[in-house]
$ cat coords07.cif   # mmCIF, C-alpha atoms
data_upload
#
loop_
_atom_site.group_PDB
_atom_site.id
_atom_site.type_symbol
_atom_site.label_atom_id
_atom_site.label_comp_id
_atom_site.auth_asym_id
_atom_site.auth_seq_id
_atom_site.Cartn_x
_atom_site.Cartn_y
_atom_site.Cartn_z
ATOM 1 C CA MET B 3 165.950 186.120 8.829
ATOM 2 C CA PRO B 4 167.165 185.061 12.300
ATOM 3 C CA VAL B 5 164.930 185.621 15.304
ATOM 4 C CA ARG B 6 166.292 188.205 17.685
ATOM 5 C CA ARG B 7 166.270 187.131 21.248
ATOM 6 C CA SER B 8 165.817 189.600 24.008
ATOM 7 C CA ARG B 9 168.709 190.392 26.256
ATOM 8 C CA ARG B 10 169.202 188.457 29.398
ATOM 9 C CA GLY B 11 167.195 189.965 32.231
ATOM 10 C CA SER B 12 164.841 191.744 29.875
ATOM 11 C CA SER B 13 161.307 190.503 30.103
ATOM 12 C CA GLY B 14 159.663 192.604 27.437
ATOM 13 C CA GLY B 15 158.806 195.593 29.578
ATOM 14 C CA GLN B 16 157.689 193.607 32.577
ATOM 15 C CA SER B 17 159.948 193.960 35.572
ATOM 16 C CA ARG B 18 160.309 191.007 37.862
ATOM 17 C CA SER B 19 162.549 191.431 40.831
ATOM 18 C CA ALA B 20 164.390 188.527 42.340
ATOM 19 C CA PRO B 21 163.044 187.254 45.641
ATOM 20 C CA ALA B 22 164.691 188.584 48.770
ATOM 21 C CA LEU B 23 167.436 186.568 50.475
ATOM 22 C CA PRO B 24 165.256 185.196 53.298
ATOM 23 C CA ALA B 25 162.604 184.129 50.782
ATOM 24 C CA ARG B 26 165.115 182.325 48.573
ATOM 25 C CA ALA B 27 166.652 180.590 51.577
ATOM 26 C CA GLU B 28 163.165 179.993 53.057
ATOM 27 C CA LEU B 29 164.155 181.700 56.303
ATOM 28 C CA THR B 30 162.012 183.632 58.729
ATOM 29 C CA PHE B 31 164.987 185.201 60.464
ATOM 30 C CA SER B 32 166.191 188.427 58.873
ATOM 31 C CA VAL B 33 169.322 187.915 56.785
ATOM 32 C CA SER B 34 169.851 191.666 56.440
ATOM 33 C CA HIS B 35 169.735 192.110 60.225
ATOM 34 C CA VAL B 36 172.289 189.334 60.729
ATOM 35 C CA GLU B 37 174.488 190.885 58.031
ATOM 36 C CA ARG B 38 174.296 194.290 59.698
ATOM 37 C CA LEU B 39 175.248 192.809 63.068
ATOM 38 C CA LEU B 40 178.169 190.937 61.507
ATOM 39 C CA ARG B 41 179.446 194.083 59.801
ATOM 40 C CA GLU B 42 179.005 196.305 62.878
ATOM 41 C CA GLY B 43 180.651 193.697 65.105
ATOM 42 C CA ARG B 44 183.826 193.823 63.021
ATOM 43 C CA TYR B 45 184.453 190.092 63.425
ATOM 44 C CA SER B 46 186.558 190.094 60.258
ATOM 45 C CA GLN B 47 187.761 192.459 57.578
ATOM 46 C CA ARG B 48 185.797 190.735 54.849
ATOM 47 C CA LEU B 49 182.370 189.127 54.845
ATOM 48 C CA GLY B 50 181.255 186.573 52.272
ATOM 49 C CA ALA B 51 177.860 186.888 50.637
ATOM 50 C CA SER B 52 176.608 183.591 52.048
ATOM 51 C CA ALA B 53 177.841 184.100 55.631
ATOM 52 C CA PRO B 54 174.791 186.014 56.936
ATOM 53 C CA ILE B 55 172.439 183.568 55.196
ATOM 54 C CA PHE B 56 174.169 180.585 56.781
ATOM 55 C CA LEU B 57 174.292 182.211 60.222
ATOM 56 C CA ALA B 58 170.595 183.188 60.066
ATOM 57 C CA ALA B 59 169.769 179.575 59.138
ATOM 58 C CA VAL B 60 171.801 178.231 62.069
ATOM 59 C CA ILE B 61 170.159 180.653 64.521
ATOM 60 C CA GLN B 62 166.719 179.753 63.175
ATOM 61 C CA SER B 63 167.463 176.037 63.466
ATOM 62 C CA LEU B 64 168.704 176.344 67.064
ATOM 63 C CA THR B 65 165.697 178.442 68.032
ATOM 64 C CA ALA B 66 163.294 175.943 66.473
ATOM 65 C CA LYS B 67 164.948 173.030 68.277
ATOM 66 C CA VAL B 68 164.902 174.744 71.677
ATOM 67 C CA LEU B 69 161.265 175.823 71.262
ATOM 68 C CA GLU B 70 160.240 172.356 70.068
ATOM 69 C CA LEU B 71 161.820 170.659 73.086
ATOM 70 C CA ALA B 72 160.454 173.302 75.470
ATOM 71 C CA GLY B 73 156.955 172.896 74.020
ATOM 72 C CA ILE B 74 157.091 169.130 74.507
ATOM 73 C CA GLU B 75 158.335 169.556 78.086
ATOM 74 C CA ALA B 76 155.690 172.180 78.891
ATOM 75 C CA ARG B 77 152.983 169.857 77.543
ATOM 76 C CA ASN B 78 154.373 166.972 79.632
ATOM 77 C CA ARG B 79 154.178 169.190 82.726
ATOM 78 C CA GLY B 80 150.585 170.125 81.926
ATOM 79 C CA ARG B 81 151.409 173.753 81.164
ATOM 80 C CA ARG B 82 150.062 175.838 78.321
ATOM 81 C CA LEU B 83 152.950 178.317 78.203
ATOM 82 C CA ILE B 84 156.664 177.910 77.666
ATOM 83 C CA THR B 85 158.272 179.604 80.657
ATOM 84 C CA PRO B 86 161.950 180.495 81.182
ATOM 85 C CA ASP B 87 162.386 177.684 83.694
ATOM 86 C CA VAL B 88 161.165 175.126 81.131
ATOM 87 C CA VAL B 89 163.600 176.506 78.528
ATOM 88 C CA ASP B 90 166.410 176.447 81.097
ATOM 89 C CA MET B 91 165.654 172.849 82.063
ATOM 90 C CA VAL B 92 165.439 171.703 78.427
ATOM 91 C CA VAL B 93 168.714 173.388 77.468
ATOM 92 C CA HIS B 94 170.602 172.000 80.453
ATOM 93 C CA ASN B 95 169.196 168.455 80.109
ATOM 94 C CA HIS B 96 170.040 168.143 76.400
ATOM 95 C CA PRO B 97 173.685 167.054 75.960
ATOM 96 C CA LEU B 98 174.464 169.086 72.815
ATOM 97 C CA LEU B 99 172.509 172.179 73.815
ATOM 98 C CA SER B 100 173.993 172.225 77.316
ATOM 99 C CA ALA B 101 177.506 172.187 75.845
ATOM 100 C CA PHE B 102 176.608 174.936 73.378
ATOM 101 C CA PHE B 103 174.850 177.168 75.934
ATOM 102 C CA GLN B 104 177.327 176.380 78.713
ATOM 103 C CA SER B 105 178.027 179.993 79.655
ATOM 104 C CA THR B 106 174.481 181.276 79.042
ATOM 105 C CA ILE B 107 172.181 182.392 81.824
ATOM 106 C CA ILE B 108 168.474 182.134 81.070
ATOM 107 C CA SER B 109 166.703 184.749 83.145
ATOM 108 C CA GLN B 110 163.985 183.588 85.501
ATOM 109 C CA ALA B 111 162.564 187.080 85.990
ATOM 110 C CA VAL B 112 160.060 188.386 83.478
ATOM 111 C CA PRO B 113 160.009 192.199 83.382
ATOM 112 C CA GLY B 114 156.578 193.701 83.941
ATOM 113 C CA TRP B 115 155.038 190.347 84.847
ATOM 114 C CA ASN B 116 153.051 190.322 88.083
#
$ encode --input "coords07.cif" --output "structure tokens"
Amino acid sequence: MPVRRSRRGSSGGQSRSAPALPARAELTFSVSHVERLLREGRYSQRLGASAPIFLAAVIQSLTAKVLELAGIEARNRGRRLITPDVVDMVVHNHPLLSAFFQSTIISQAVPGWN
């Protein structure tokens, strides 16, 4: 008598859900938030399933690079905090980042900071 195999996806009464998109992609940035912004922005009529994952990964990578360089620069200046002027200097002194953030203004005023 042949052995009956369970159906695909059936785990014998135990339910195991698939990991969420950010967990599978090992991202800390919210894929669902990026997807919502892409859909609400109406950048195109159709949106591929991997587009928000890829965009969240790119944003996370850029953020990590800017914060890494700003942390190194703050440490070189003897500061313990990354301030907007350090971020501004790092972005404008890096050739690729300065081209990418060419039209971006990094605010020097911190609201509620006295």
$ residues_around --input "coords07.cif" --residues "Thr65 (chain B)" --least-positions-apart "5" --cutoff "12 Å" --atoms "all atoms listed in the file" --output "list of chain:residue names"
B:Thr30, B:Phe31, B:Ala58, B:Ala59, B:Val60, B:Glu70, B:Leu71, B:Ala72, B:Gly73, B:Val89, B:Val93, B:Leu99
$ atom_distance --input "coords07.cif" --atom1 "CA of Leu69 (chain B)" --atom2 "CA of Ser34 (chain B)"
23.3 Å
$ atom_distance --input "coords07.cif" --atom1 "CA of Asn78 (chain B)" --atom2 "CA of Val92 (chain B)"
12.1 Å
$ resolve_selection --input "coords07.cif" --expression "the PyMOL selection byres ((chain B and resi 33) around 7)" --output "ChimeraX atom specification"
/B:23-24,31-32,34-37,54-55,58
$ closest_residue --input "coords07.cif" --among "B:Gln62, B:Gln47, B:Ser52, B:Ser105" --to "Glu28 (chain B)" --atoms "all atoms listed in the file"
B:Gln62
$ atom_distance --input "coords07.cif" --atom1 "CA of Ile108 (chain B)" --atom2 "CA of His94 (chain B)"
10.4 Å
